[in-house]
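Next up, entry_1.tsv (TSV, C-alpha atoms):
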```
chain	number	residue	atom	x	y	z
Q	1	MET	CA	153.96	-40.76	140.36
Q	2	THR	CA	156.85	-42.85	139.05
Q	3	ASP	CA	160.28	-41.49	138.14
Q	4	PRO	CA	159.59	-39.48	134.93
Q	5	ALA	CA	163.20	-39.67	133.68
Q	6	GLY	CA	163.36	-43.45	133.99
Q	7	ALA	CA	159.92	-43.89	132.43
Q	8	LEU	CA	160.82	-41.62	129.53
Q	9	TRP	CA	164.03	-43.54	128.84
Q	10	ALA	CA	162.17	-46.87	128.96
Q	11	ARG	CA	159.64	-45.51	126.45
Q	12	PHE	CA	162.50	-44.37	124.19
Q	13	THR	CA	164.15	-47.81	124.19
Q	14	THR	CA	160.80	-49.40	123.30
Q	15	TYR	CA	160.37	-47.15	120.26
Q	16	LEU	CA	164.03	-47.64	119.35
Q	17	ARG	CA	163.55	-51.40	119.01
Q	18	ARG	CA	160.45	-50.81	116.91
Q	19	GLU	CA	162.25	-48.39	114.59
Q	20	LEU	CA	165.16	-50.79	114.18
Q	21	ALA	CA	162.83	-53.61	113.19
Q	22	THR	CA	161.08	-51.35	110.68
Q	23	ARG	CA	164.35	-50.28	109.04
Q	24	LEU	CA	165.55	-53.86	108.84
Q	25	GLY	CA	162.29	-55.00	107.30
Q	26	MET	CA	161.56	-57.42	110.15
Q	27	THR	CA	159.00	-57.97	112.82
Q	28	GLN	CA	160.08	-57.10	116.35
Q	29	LYS	CA	160.21	-60.78	117.24
Q	30	ALA	CA	162.47	-61.54	114.29
Q	31	ALA	CA	164.71	-58.59	115.13
Q	32	ARG	CA	165.12	-59.80	118.72
Q	33	ALA	CA	166.26	-63.17	117.38
Q	34	VAL	CA	169.24	-61.66	115.50
Q	35	LEU	CA	170.31	-58.61	117.53
Q	36	ARG	CA	170.03	-56.92	120.90
Q	37	VAL	CA	170.10	-53.24	121.88
Q	38	SER	CA	172.57	-52.50	124.69
Q	39	PHE	CA	173.24	-49.15	126.32
Q	40	ALA	CA	175.03	-47.30	129.11
Q	41	LYS	CA	173.61	-43.96	130.28
Q	42	VAL	CA	175.09	-41.16	132.38
Q	43	ALA	CA	173.14	-38.25	133.87
Q	44	GLU	CA	175.19	-35.05	133.67
Q	45	PHE	CA	174.09	-32.17	135.91
Q	46	GLN	CA	174.38	-28.72	134.38
Q	47	LYS	CA	175.21	-25.61	136.41
Q	48	ARG	CA	171.70	-24.30	135.77
Q	49	GLY	CA	170.21	-27.41	137.39
Q	50	LEU	CA	169.06	-29.29	134.29
Q	51	VAL	CA	170.11	-32.86	133.57
Q	52	HIS	CA	171.60	-34.05	130.29
Q	53	PHE	CA	171.67	-37.73	129.43
Q	54	HIS	CA	174.73	-39.05	127.61
Q	55	ALA	CA	174.06	-42.56	126.34
Q	56	VAL	CA	176.25	-45.10	124.57
Q	57	ILE	CA	173.93	-47.26	122.46
Q	58	ARG	CA	175.25	-50.39	120.79
Q	59	LEU	CA	173.90	-53.26	118.71
Q	60	ASP	CA	175.00	-56.74	119.77
Q	61	GLY	CA	174.22	-60.26	118.69
Q	62	PRO	CA	171.26	-62.10	120.24
Q	63	ASP	CA	173.40	-63.36	123.16
Q	64	GLY	CA	174.75	-59.94	124.10
Q	65	SER	CA	178.21	-58.40	123.97
Q	66	THR	CA	179.92	-61.73	123.22
Q	67	GLN	CA	178.45	-61.75	119.72
Q	68	PRO	CA	178.64	-59.15	116.93
Q	69	PRO	CA	175.41	-57.92	115.34
Q	70	PRO	CA	174.49	-59.05	111.81
Q	71	PRO	CA	176.35	-57.14	109.08
Q	72	TYR	CA	173.22	-55.34	107.89
Q	73	ALA	CA	172.71	-53.75	111.34
Q	74	THR	CA	175.01	-50.82	110.58
Q	75	VAL	CA	175.77	-47.59	112.40
Q	76	ASP	CA	173.64	-45.66	109.90
Q	77	VAL	CA	170.63	-47.88	110.62
Q	78	LEU	CA	171.08	-47.38	114.37
Q	79	THR	CA	171.50	-43.61	113.95
Q	80	ASP	CA	168.33	-43.29	111.86
Q	81	ALA	CA	166.38	-45.39	114.37
Q	82	ILE	CA	167.55	-43.23	117.28
Q	83	ARG	CA	166.59	-40.01	115.49
Q	84	ALA	CA	163.14	-41.41	114.72
Q	85	ALA	CA	162.50	-42.89	118.19
Q	86	ALA	CA	163.46	-39.85	120.27
Q	87	PRO	CA	160.58	-37.54	119.17
Q	88	ARG	CA	158.06	-40.38	119.58
Q	89	ALA	CA	159.03	-41.01	123.21
Q	90	ARG	CA	156.36	-39.19	125.24
Q	91	ILE	CA	154.88	-39.97	128.64
Q	92	SER	CA	151.96	-38.52	130.58
Q	93	VAL	CA	152.33	-37.75	134.27
Q	94	THR	CA	149.52	-36.84	136.64
Q	95	SER	CA	149.65	-35.26	140.08
Q	96	ASP	CA	147.33	-33.31	142.34
Q	97	ALA	CA	149.62	-30.28	142.08
Q	98	VAL	CA	150.08	-29.84	138.31
Q	99	GLY	CA	147.35	-32.03	136.88
Q	100	GLU	CA	148.21	-34.02	133.75
Q	101	ARG	CA	151.22	-33.14	131.64
Q	102	GLU	CA	153.04	-34.71	128.73
Q	103	LEU	CA	156.82	-34.98	128.93
Q	104	GLY	CA	159.38	-35.61	126.21
Q	105	TRP	CA	163.02	-35.03	125.39
Q	106	GLY	CA	164.35	-31.51	125.04
Q	107	GLN	CA	165.56	-29.74	121.90
Q	108	GLU	CA	169.28	-30.37	122.60
Q	109	PHE	CA	169.48	-33.72	120.86
Q	110	ASP	CA	172.63	-34.96	119.15
Q	111	VAL	CA	173.61	-38.37	117.74
Q	112	ARG	CA	177.23	-39.12	116.94
Q	113	GLU	CA	179.38	-42.14	116.34
Q	114	ILE	CA	181.91	-42.42	119.16
Q	115	ALA	CA	185.50	-42.08	118.05
Q	116	ALA	CA	188.61	-41.73	120.15
Q	117	PHE	CA	187.70	-38.11	120.98
Q	118	GLY	CA	188.16	-36.95	117.39
Q	119	THR	CA	191.68	-38.32	117.00
Q	120	ASP	CA	193.05	-40.90	114.60
Q	121	ALA	CA	193.54	-43.41	117.41
Q	122	GLU	CA	192.06	-46.85	117.03
Q	123	PHE	CA	188.48	-47.18	118.30
Q	124	SER	CA	188.43	-49.40	121.39
Q	125	ASP	CA	186.48	-50.31	124.51
Q	126	GLN	CA	188.78	-47.96	126.43
Q	127	ALA	CA	187.60	-45.03	124.31
Q	128	VAL	CA	183.98	-45.79	125.09
Q	129	ALA	CA	184.73	-46.16	128.80
Q	130	ALA	CA	186.60	-42.84	128.73
Q	131	TYR	CA	183.59	-41.17	127.12
Q	132	VAL	CA	181.28	-42.39	129.89
Q	133	ALA	CA	183.79	-41.48	132.63
Q	134	LYS	CA	184.26	-38.01	131.18
Q	135	TYR	CA	180.65	-37.00	131.68
Q	136	ALA	CA	180.27	-38.88	134.96
Q	137	THR	CA	183.10	-36.84	136.51
Q	138	LYS	CA	182.11	-33.64	134.73
Q	139	SER	CA	178.66	-33.93	136.30
Q	140	ALA	CA	180.16	-33.99	139.78
Q	141	ASP	CA	182.31	-30.92	139.16
Q	142	ALA	CA	179.97	-28.69	137.17
Q	143	SER	CA	176.70	-28.80	139.10
Q	144	GLY	CA	177.90	-28.22	142.64
Q	145	THR	CA	175.47	-30.77	144.03
Q	146	LEU	CA	176.17	-32.76	147.19
Q	147	ASP	CA	177.36	-36.33	147.53
Q	148	ARG	CA	175.06	-37.34	150.38
Q	149	SER	CA	171.48	-36.91	151.52
Q	150	LEU	CA	170.47	-33.89	153.56
Q	151	PHE	CA	167.79	-35.45	155.74
Q	152	CYS	CA	168.53	-36.30	159.37
Q	153	ARG	CA	169.03	-40.04	159.77
Q	154	PRO	CA	167.83	-40.40	163.41
Q	155	CYS	CA	164.41	-38.90	162.63
Q	156	GLN	CA	164.38	-39.78	158.89
Q	157	GLY	CA	163.82	-36.15	157.98
Q	158	ARG	CA	160.63	-35.79	160.03
Q	159	GLY	CA	162.13	-33.47	162.62
Q	160	ALA	CA	160.68	-35.55	165.44
Q	161	THR	CA	160.68	-39.08	166.76
Q	162	LEU	CA	157.62	-40.89	168.05
Q	163	LEU	CA	157.52	-42.21	171.58
Q	164	PRO	CA	156.02	-45.69	172.20
Q	165	HIS	CA	152.60	-44.17	172.98
Q	166	GLY	CA	152.67	-42.04	169.80
Q	167	THR	CA	153.66	-38.66	171.24
Q	168	PRO	CA	156.09	-36.78	168.93
Q	169	LEU	CA	159.39	-35.78	170.50
Q	170	PRO	CA	161.50	-33.09	168.74
Q	171	CYS	CA	164.68	-34.60	167.33
Q	172	THR	CA	167.73	-33.40	169.23
Q	173	ALA	CA	170.12	-34.34	166.42
Q	174	CYS	CA	168.68	-31.76	164.00
Q	175	ASP	CA	166.82	-29.47	166.45
Q	176	GLY	CA	163.55	-30.36	164.78
Q	177	THR	CA	164.52	-29.18	161.26
Q	178	GLY	CA	164.80	-32.66	159.77
Q	179	GLN	CA	168.06	-31.61	158.10
Q	180	ALA	CA	171.41	-33.22	158.84
Q	181	ARG	CA	173.10	-29.95	157.85
Q	182	PRO	CA	171.37	-26.54	157.88
Q	183	LEU	CA	170.79	-25.34	154.34
Q	184	PRO	CA	172.42	-21.90	154.87
Q	185	ARG	CA	175.67	-23.64	155.83
Q	186	LEU	CA	175.97	-25.79	152.71
Q	187	GLY	CA	179.16	-25.15	150.77
Q	188	VAL	CA	177.43	-24.75	147.41
Q	189	ALA	CA	176.67	-21.88	145.05
Q	190	ARG	CA	173.70	-19.65	145.84
Q	191	HIS	CA	171.75	-20.89	142.82
Q	192	VAL	CA	172.25	-24.53	143.82
Q	193	ARG	CA	171.32	-23.79	147.43
Q	194	GLN	CA	168.07	-22.20	146.30
Q	195	MET	CA	167.20	-25.22	144.16
Q	196	ILE	CA	167.94	-27.52	147.12
Q	197	ARG	CA	165.72	-25.39	149.36
Q	198	THR	CA	162.93	-25.47	146.75
Q	199	CYS	CA	163.10	-29.27	146.57
Q	200	TRP	CA	163.02	-29.49	150.35
Q	201	GLU	CA	160.00	-27.20	150.68
Q	202	LEU	CA	158.07	-28.83	147.82
Q	203	GLY	CA	158.76	-32.25	149.28
Q	204	ARG	CA	156.88	-31.23	152.42
Q	205	LEU	CA	153.68	-30.46	150.53
Q	206	PRO	CA	151.05	-33.24	150.50
Q	207	GLU	CA	150.54	-33.01	146.73
Q	208	PHE	CA	154.22	-33.83	146.12
Q	209	ALA	CA	154.59	-36.43	148.87
Q	210	ASP	CA	154.95	-39.31	146.40
Q	211	LEU	CA	158.04	-37.75	144.82
Q	212	LYS	CA	159.95	-37.62	148.15
Q	213	LEU	CA	161.80	-34.54	146.97
Q	214	TRP	CA	163.12	-33.88	150.48
Q	215	LYS	CA	165.01	-37.17	150.29
Q	216	TRP	CA	166.60	-36.24	146.96
Q	217	ALA	CA	167.11	-32.52	147.57
Q	218	HIS	CA	170.89	-32.97	147.42
Q	219	MET	CA	170.40	-34.27	143.83
Q	220	LEU	CA	168.15	-31.30	142.96
Q	221	GLY	CA	165.15	-33.62	142.92
Q	222	PHE	CA	166.64	-36.14	140.46
Q	223	ARG	CA	165.79	-39.54	141.95
Q	224	GLY	CA	167.62	-41.78	139.51
Q	225	HIS	CA	171.16	-43.09	139.67
Q	226	PHE	CA	173.67	-41.00	137.74
Q	227	SER	CA	174.81	-44.08	135.80
Q	228	THR	CA	172.70	-46.97	134.50
Q	229	LYS	CA	173.12	-49.63	131.86
Q	230	SER	CA	171.32	-52.51	130.27
Q	231	ARG	CA	172.14	-55.92	131.65
Q	232	SER	CA	173.80	-57.13	128.46
Q	233	TYR	CA	175.96	-54.02	127.95
Q	234	SER	CA	178.88	-55.30	130.02
Q	235	THR	CA	179.67	-57.28	133.13
Q	236	THR	CA	177.24	-57.04	136.05
Q	237	LEU	CA	177.92	-55.42	139.40
Q	238	GLY	CA	177.41	-58.82	141.04
Q	239	ALA	CA	180.23	-60.29	138.96
Q	240	LEU	CA	182.50	-57.38	139.89
Q	241	ARG	CA	181.76	-57.85	143.59
Q	242	ALA	CA	182.45	-61.58	143.30
Q	243	ALA	CA	185.79	-60.86	141.59
Q	244	ARG	CA	186.79	-58.39	144.32
Q	245	ARG	CA	185.76	-60.87	147.01
Q	246	ALA	CA	187.85	-63.63	145.41
Q	247	TRP	CA	190.85	-61.31	145.07
Q	248	HIS	CA	190.68	-60.23	148.73
Q	249	THR	CA	190.39	-63.88	149.80
Q	250	GLU	CA	193.49	-64.80	147.84
Q	251	GLN	CA	195.41	-61.85	149.29
Q	252	ALA	CA	194.38	-62.78	152.84
Q	253	HIS	CA	195.53	-66.38	152.36
Q	254	ALA	CA	198.83	-65.26	150.86
Q	255	HIS	CA	199.43	-62.77	153.70
Q	256	ALA	CA	198.68	-65.41	156.38
Q	257	GLY	CA	200.75	-68.06	154.61
Q	258	LEU	CA	197.81	-70.40	154.29
Q	259	PRO	CA	197.28	-72.84	151.43
Q	260	GLN	CA	194.59	-72.13	148.90
Q	261	PRO	CA	191.37	-73.78	150.17
Q	262	ASP	CA	189.55	-76.43	148.21
Q	263	LEU	CA	186.45	-75.02	146.51
Q	264	ASP	CA	184.40	-77.88	147.99
Q	265	THR	CA	185.36	-77.08	151.59
Q	266	THR	CA	184.53	-74.23	153.93
Q	267	LEU	CA	187.40	-72.72	155.90
Q	268	VAL	CA	186.40	-70.88	159.09
Q	269	LEU	CA	188.94	-68.57	160.75
Q	270	GLY	CA	188.25	-67.03	164.14
Q	271	HIS	CA	189.71	-66.34	167.54
Q	272	TRP	CA	188.64	-64.89	170.88
Q	273	THR	CA	190.42	-62.11	172.79
Q	274	TYR	CA	189.69	-61.14	176.39
Q	275	LEU	CA	189.04	-57.39	176.56
Q	276	GLY	CA	188.07	-56.87	180.17
Q	277	THR	CA	185.28	-56.94	182.73
Q	278	GLY	CA	182.89	-54.23	183.83
Q	279	TYR	CA	182.20	-50.73	182.52
Q	280	SER	CA	184.53	-48.62	180.47
Q	281	PRO	CA	185.52	-45.32	182.19
Q	282	GLY	CA	182.87	-43.36	180.32
Q	283	ALA	CA	180.17	-45.96	180.89
Q	284	ALA	CA	181.09	-46.19	184.59
Q	285	LEU	CA	180.65	-42.42	184.98
Q	286	LEU	CA	177.27	-42.55	183.26
Q	287	ALA	CA	176.12	-45.49	185.41
Q	288	ALA	CA	177.19	-43.67	188.60
Q	289	HIS	CA	175.22	-40.61	187.53
Q	290	VAL	CA	172.09	-42.68	186.86
Q	291	TRP	CA	172.45	-44.47	190.22
Q	292	SER	CA	172.93	-41.17	192.10
Q	293	ARG	CA	169.87	-39.64	190.43
Q	294	ARG	CA	167.69	-42.60	191.32
Q	295	GLU	CA	168.91	-42.47	194.93
Q	296	LEU	CA	167.91	-38.83	195.18
Q	297	GLU	CA	164.49	-39.61	193.71
Q	298	ARG	CA	163.97	-42.36	196.29
Q	299	GLN	CA	165.02	-40.01	199.12
Q	300	PHE	CA	162.61	-37.31	197.96
Q	301	ALA	CA	159.80	-39.86	197.71
Q	302	ALA	CA	160.55	-41.11	201.24
Q	303	GLU	CA	160.59	-37.58	202.69
Q	304	GLU	CA	157.26	-36.71	201.08
Q	305	GLY	CA	155.76	-39.92	202.51
Q	306	CYS	CA	156.97	-39.03	206.01
Q	307	GLY	CA	155.58	-35.52	205.77
```

Any chance you could put this one into C-alpha cells?
Amino acid sequence: MTDPAGALWARFTTYLRRELATRLGMTQKAARAVLRVSFAKVAEFQKRGLVHFHAVIRLDGPDGSTQPPPPYATVDVLTDAIRAAAPRARISVTSDAVGERELGWGQEFDVREIAAFGTDAEFSDQAVAAYVAKYATKSADASGTLDRSLFCRPCQGRGATLLPHGTPLPCTACDGTGQARPLPRLGVARHVRQMIRTCWELGRLPEFADLKLWKWAHMLGFRGHFSTKSRSYSTTLGALRAARRAWHTEQAHAHAGLPQPDLDTTLVLGHWTYLGTGYSPGAALLAAHVWSRRELERQFAAEEGCG
C-alpha cells in the first residue's frame, strides 16, 4: 500500500490542472504551454490526531516562478478550479486488514486568497512564507508528537539481532522491546501516547506490515514529510545547500587569511597530528580483562587434560 495522503494529493493536482484547462477553454496541453501550477503544502497535526493540509497554490508562467501567468489566469479561475477538483479527488486503497476502501478529502475545506493576515499591508513573498511557517510551527506545538523515531537503532525495532548463523539474540540496548524509549515514559499527553501505542501495535501485525507504522509511530502513523512543495514553487534544497557550502567556504578562507581560490583549481588543506601509541586507559583495561579471561580458560583446559 502506498502513502494514501501523498497519492490523494497527487490525484488532486491532476484534477486541478484539468479543471483549469476547462475553465480557460483550452486543452491540457495548451494550458501547460502558457501556465504552470506551483504549490507548497504543510501538514498540521491536530490535538485529536488528525492531519490538516494547508497549501499555497499559485499560477506561474510556463517557465515557473520567474514568469507571471497570463492575465486571464485570475485568482477567481484558480479558486473555482480548486473547489471543483477537491471533491473529484478520490483514491482506492486495498489491504488484507480492511479490504478495499475509497478515500477522499474531509468536509473541512476552505479556499481563500492569501493576504497579509487580514491587514492592509502590501501582499508580498514574506507574507506567504509567514503563512506557511505559521502552520508548520503550530503543528509542532499543538499535537504533542515527537521529533524523532521511537524504534531502537541497533536492532532496527526488531527487538533482537541475528547472529552469523541466524540465531536471534535479544537486543541489550532496548531489552528486547524494539523501542528506543519505553512508551510509558514518553513526555506526551495520554491521548497522544495511546495513539503512538496503537501505531506500534498495528505495525507489528502482518496485514499492516507494508505501512511500517512502527517506524512512524512518533508521527502518529503519518509517513509523509510535514512540508512539501512542487519543484517550480521556489528554490530547490540542493541550491540552498550549495549556497550554504559556498558561504562556509568563503568564511573559512577569510578566517584563515587565505586568498579566494580559482574556480578552476582544487585547493586541498590537511595536516597530520601525532596523538600517541598504544591503548587508551579504558581500552587498556578492557584488553587486560580479555587477556586475563583467556589465560584462565587455558589453565582450566590444561587442568582438565591432566586429570

- Write out as a PyMOL selection string each polymer residue whose atoms come within 6 Å of stretch 82-93 of chain Q, counting all atoms listed in the file; drop sequence neighbours fewer than 4 positions from it. chain Q and resi 11-12+15-16+100-104

Grab all the atoms of stretch 180-194 of chain Q that the file lists, wrap them in a box along x, y and z, add 5 Å per side, and give me centre plus edge lengths in Å (one decimal) as lines of an AutoDock Vina configuration file.
```
center_x = 173.6
center_y = -26.4
center_z = 150.8
size_x = 21.1
size_y = 23.6
size_z = 26.0
```

- List the residues sitting within 10 Å of (167.5, -33.6, 129.2) in the file's frame, using only C-alpha atoms, as a list in words.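 Protein, DNA and RNA residues close to (167.5, -33.6, 129.2): Ala5, Ala43, Glu44, Phe45, Gln46, Leu50, Val51, His52, Phe53, His54, Gly104, Trp105, Gly106, Gln107, Glu108 and Phe109 of chain Q.
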
- Query: Which is closer to Q:Leu211 than all the others in Q:Pro71, Q:Ala180, Q:Ala189, Q:Pro4, using all atoms listed in the file?
  - Reply: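 Once distances to Q:Leu211 are computed over all atoms listed in the file, the minimum belongs to Q:Pro4.
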
- Task: Would you kindly return, as number ranges by chain, each protein, DNA or RNA residue with an atom no farther than 12 Å from any atom of Q:Thr74, considering all atoms listed in the file and excluding same-chain residues fewer than 2 positions away?
- Result: Q: 20, 23-24, 35, 58-60, 68-72, 76-81, 113

Using only C-alpha atoms, which protein or nucleic acid residues come within 7 Å of Q:Val34? Drop anything in the same chain fewer than 4 positions from it, and give the result as a PDB file with C-alpha atoms, in the coordinates of the input.
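Everything below was put into result_1.pdb:
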```pdb
ATOM      1  CA  ALA Q  30     162.470 -61.540 114.290  1.00  0.00           C
ATOM      2  CA  GLY Q  61     174.220 -60.260 118.690  1.00  0.00           C
ATOM      3  CA  PRO Q  62     171.260 -62.100 120.240  1.00  0.00           C
ATOM      4  CA  PRO Q  70     174.490 -59.050 111.810  1.00  0.00           C
TER       5      PRO Q  70
END
```

Using all atoms listed in the file, determine which residues lie at most 10 Å from stretch 213-225 of chain Q, disregarding the query and same-chain residues fewer than 4 positions distant; provide the list as a PDB file with C-alpha atoms, in the coordinates of the input.
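Result file part-v2.pdb:
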```pdb
ATOM      1  CA  THR Q   2     156.850 -42.850 139.050  1.00  0.00           C
ATOM      2  CA  ASP Q   3     160.280 -41.490 138.140  1.00  0.00           C
ATOM      3  CA  PRO Q   4     159.590 -39.480 134.930  1.00  0.00           C
ATOM      4  CA  ALA Q   5     163.200 -39.670 133.680  1.00  0.00           C
ATOM      5  CA  GLY Q   6     163.360 -43.450 133.990  1.00  0.00           C
ATOM      6  CA  LYS Q  41     173.610 -43.960 130.280  1.00  0.00           C
ATOM      7  CA  VAL Q  42     175.090 -41.160 132.380  1.00  0.00           C
ATOM      8  CA  ALA Q  43     173.140 -38.250 133.870  1.00  0.00           C
ATOM      9  CA  PHE Q  45     174.090 -32.170 135.910  1.00  0.00           C
ATOM     10  CA  GLY Q  49     170.210 -27.410 137.390  1.00  0.00           C
ATOM     11  CA  LEU Q  50     169.060 -29.290 134.290  1.00  0.00           C
ATOM     12  CA  VAL Q  51     170.110 -32.860 133.570  1.00  0.00           C
ATOM     13  CA  SER Q 143     176.700 -28.800 139.100  1.00  0.00           C
ATOM     14  CA  GLY Q 144     177.900 -28.220 142.640  1.00  0.00           C
ATOM     15  CA  THR Q 145     175.470 -30.770 144.030  1.00  0.00           C
ATOM     16  CA  LEU Q 146     176.170 -32.760 147.190  1.00  0.00           C
ATOM     17  CA  ASP Q 147     177.360 -36.330 147.530  1.00  0.00           C
ATOM     18  CA  ARG Q 148     175.060 -37.340 150.380  1.00  0.00           C
ATOM     19  CA  SER Q 149     171.480 -36.910 151.520  1.00  0.00           C
ATOM     20  CA  LEU Q 150     170.470 -33.890 153.560  1.00  0.00           C
ATOM     21  CA  PHE Q 151     167.790 -35.450 155.740  1.00  0.00           C
ATOM     22  CA  CYS Q 152     168.530 -36.300 159.370  1.00  0.00           C
ATOM     23  CA  GLN Q 156     164.380 -39.780 158.890  1.00  0.00           C
ATOM     24  CA  GLY Q 157     163.820 -36.150 157.980  1.00  0.00           C
ATOM     25  CA  GLY Q 178     164.800 -32.660 159.770  1.00  0.00           C
ATOM     26  CA  GLN Q 179     168.060 -31.610 158.100  1.00  0.00           C
ATOM     27  CA  VAL Q 192     172.250 -24.530 143.820  1.00  0.00           C
ATOM     28  CA  ARG Q 193     171.320 -23.790 147.430  1.00  0.00           C
ATOM     29  CA  GLN Q 194     168.070 -22.200 146.300  1.00  0.00           C
ATOM     30  CA  MET Q 195     167.200 -25.220 144.160  1.00  0.00           C
ATOM     31  CA  ILE Q 196     167.940 -27.520 147.120  1.00  0.00           C
ATOM     32  CA  ARG Q 197     165.720 -25.390 149.360  1.00  0.00           C
ATOM     33  CA  THR Q 198     162.930 -25.470 146.750  1.00  0.00           C
ATOM     34  CA  CYS Q 199     163.100 -29.270 146.570  1.00  0.00           C
ATOM     35  CA  TRP Q 200     163.020 -29.490 150.350  1.00  0.00           C
ATOM     36  CA  GLU Q 201     160.000 -27.200 150.680  1.00  0.00           C
ATOM     37  CA  LEU Q 202     158.070 -28.830 147.820  1.00  0.00           C
ATOM     38  CA  GLY Q 203     158.760 -32.250 149.280  1.00  0.00           C
ATOM     39  CA  ARG Q 204     156.880 -31.230 152.420  1.00  0.00           C
ATOM     40  CA  LEU Q 205     153.680 -30.460 150.530  1.00  0.00           C
ATOM     41  CA  PHE Q 208     154.220 -33.830 146.120  1.00  0.00           C
ATOM     42  CA  ALA Q 209     154.590 -36.430 148.870  1.00  0.00           C
TER      43      ALA Q 209
END
```

- Task: Identify which of the residues Q:Gln251, Q:Thr236, Q:Ser230, Q:Ser280 lies closest to Q:Val56, counting all atoms listed in the file when measuring atom-to-atom distances.
- Result: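 The closest residue to Q:Val56 is Q:Ser230.
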
- Calculate how many Å separate atom CA of Q:Arg36 from atom CA of Q:Ala55, rounding to one decimal. 15.9 Å

- Message: Between atom CA of Q:Tyr279 and atom CA of Q:Ser292, what distance in Å does the model show, to one decimal?
- Response: 16.4 Å

- Message: When you count all atoms listed in the file, which of these residues is closest to Q:Gly25: Q:Ala73, Q:Ile57, Q:Ala7, Q:Leu286?
- Response: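 Of the candidates, the smallest distance to Q:Gly25 is held by Q:Ala73.
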
Taking (168.3, -37.9, 164.7) as a centre in this file's frame and 9 Å as the limit, can you find every polymer residue with an atom that close, using all atoms listed in the file, and give them as a PDB file with C-alpha atoms, in the frame of the given file?
```
ATOM      1  CA  CYS Q 152     168.530 -36.300 159.370  1.00  0.00           C
ATOM      2  CA  ARG Q 153     169.030 -40.040 159.770  1.00  0.00           C
ATOM      3  CA  PRO Q 154     167.830 -40.400 163.410  1.00  0.00           C
ATOM      4  CA  CYS Q 155     164.410 -38.900 162.630  1.00  0.00           C
ATOM      5  CA  GLN Q 156     164.380 -39.780 158.890  1.00  0.00           C
ATOM      6  CA  GLY Q 157     163.820 -36.150 157.980  1.00  0.00           C
ATOM      7  CA  GLY Q 159     162.130 -33.470 162.620  1.00  0.00           C
ATOM      8  CA  ALA Q 160     160.680 -35.550 165.440  1.00  0.00           C
ATOM      9  CA  THR Q 161     160.680 -39.080 166.760  1.00  0.00           C
ATOM     10  CA  CYS Q 171     164.680 -34.600 167.330  1.00  0.00           C
ATOM     11  CA  THR Q 172     167.730 -33.400 169.230  1.00  0.00           C
ATOM     12  CA  ALA Q 173     170.120 -34.340 166.420  1.00  0.00           C
ATOM     13  CA  CYS Q 174     168.680 -31.760 164.000  1.00  0.00           C
ATOM     14  CA  ASP Q 175     166.820 -29.470 166.450  1.00  0.00           C
ATOM     15  CA  GLY Q 176     163.550 -30.360 164.780  1.00  0.00           C
ATOM     16  CA  GLY Q 178     164.800 -32.660 159.770  1.00  0.00           C
ATOM     17  CA  ALA Q 180     171.410 -33.220 158.840  1.00  0.00           C
TER      18      ALA Q 180
END
```

- Task: Grab the atom CA of Q:Gly64 to atom CA of Q:Thr22 distance for me, in Å with one decimal place.
- Result: 21.0 Å
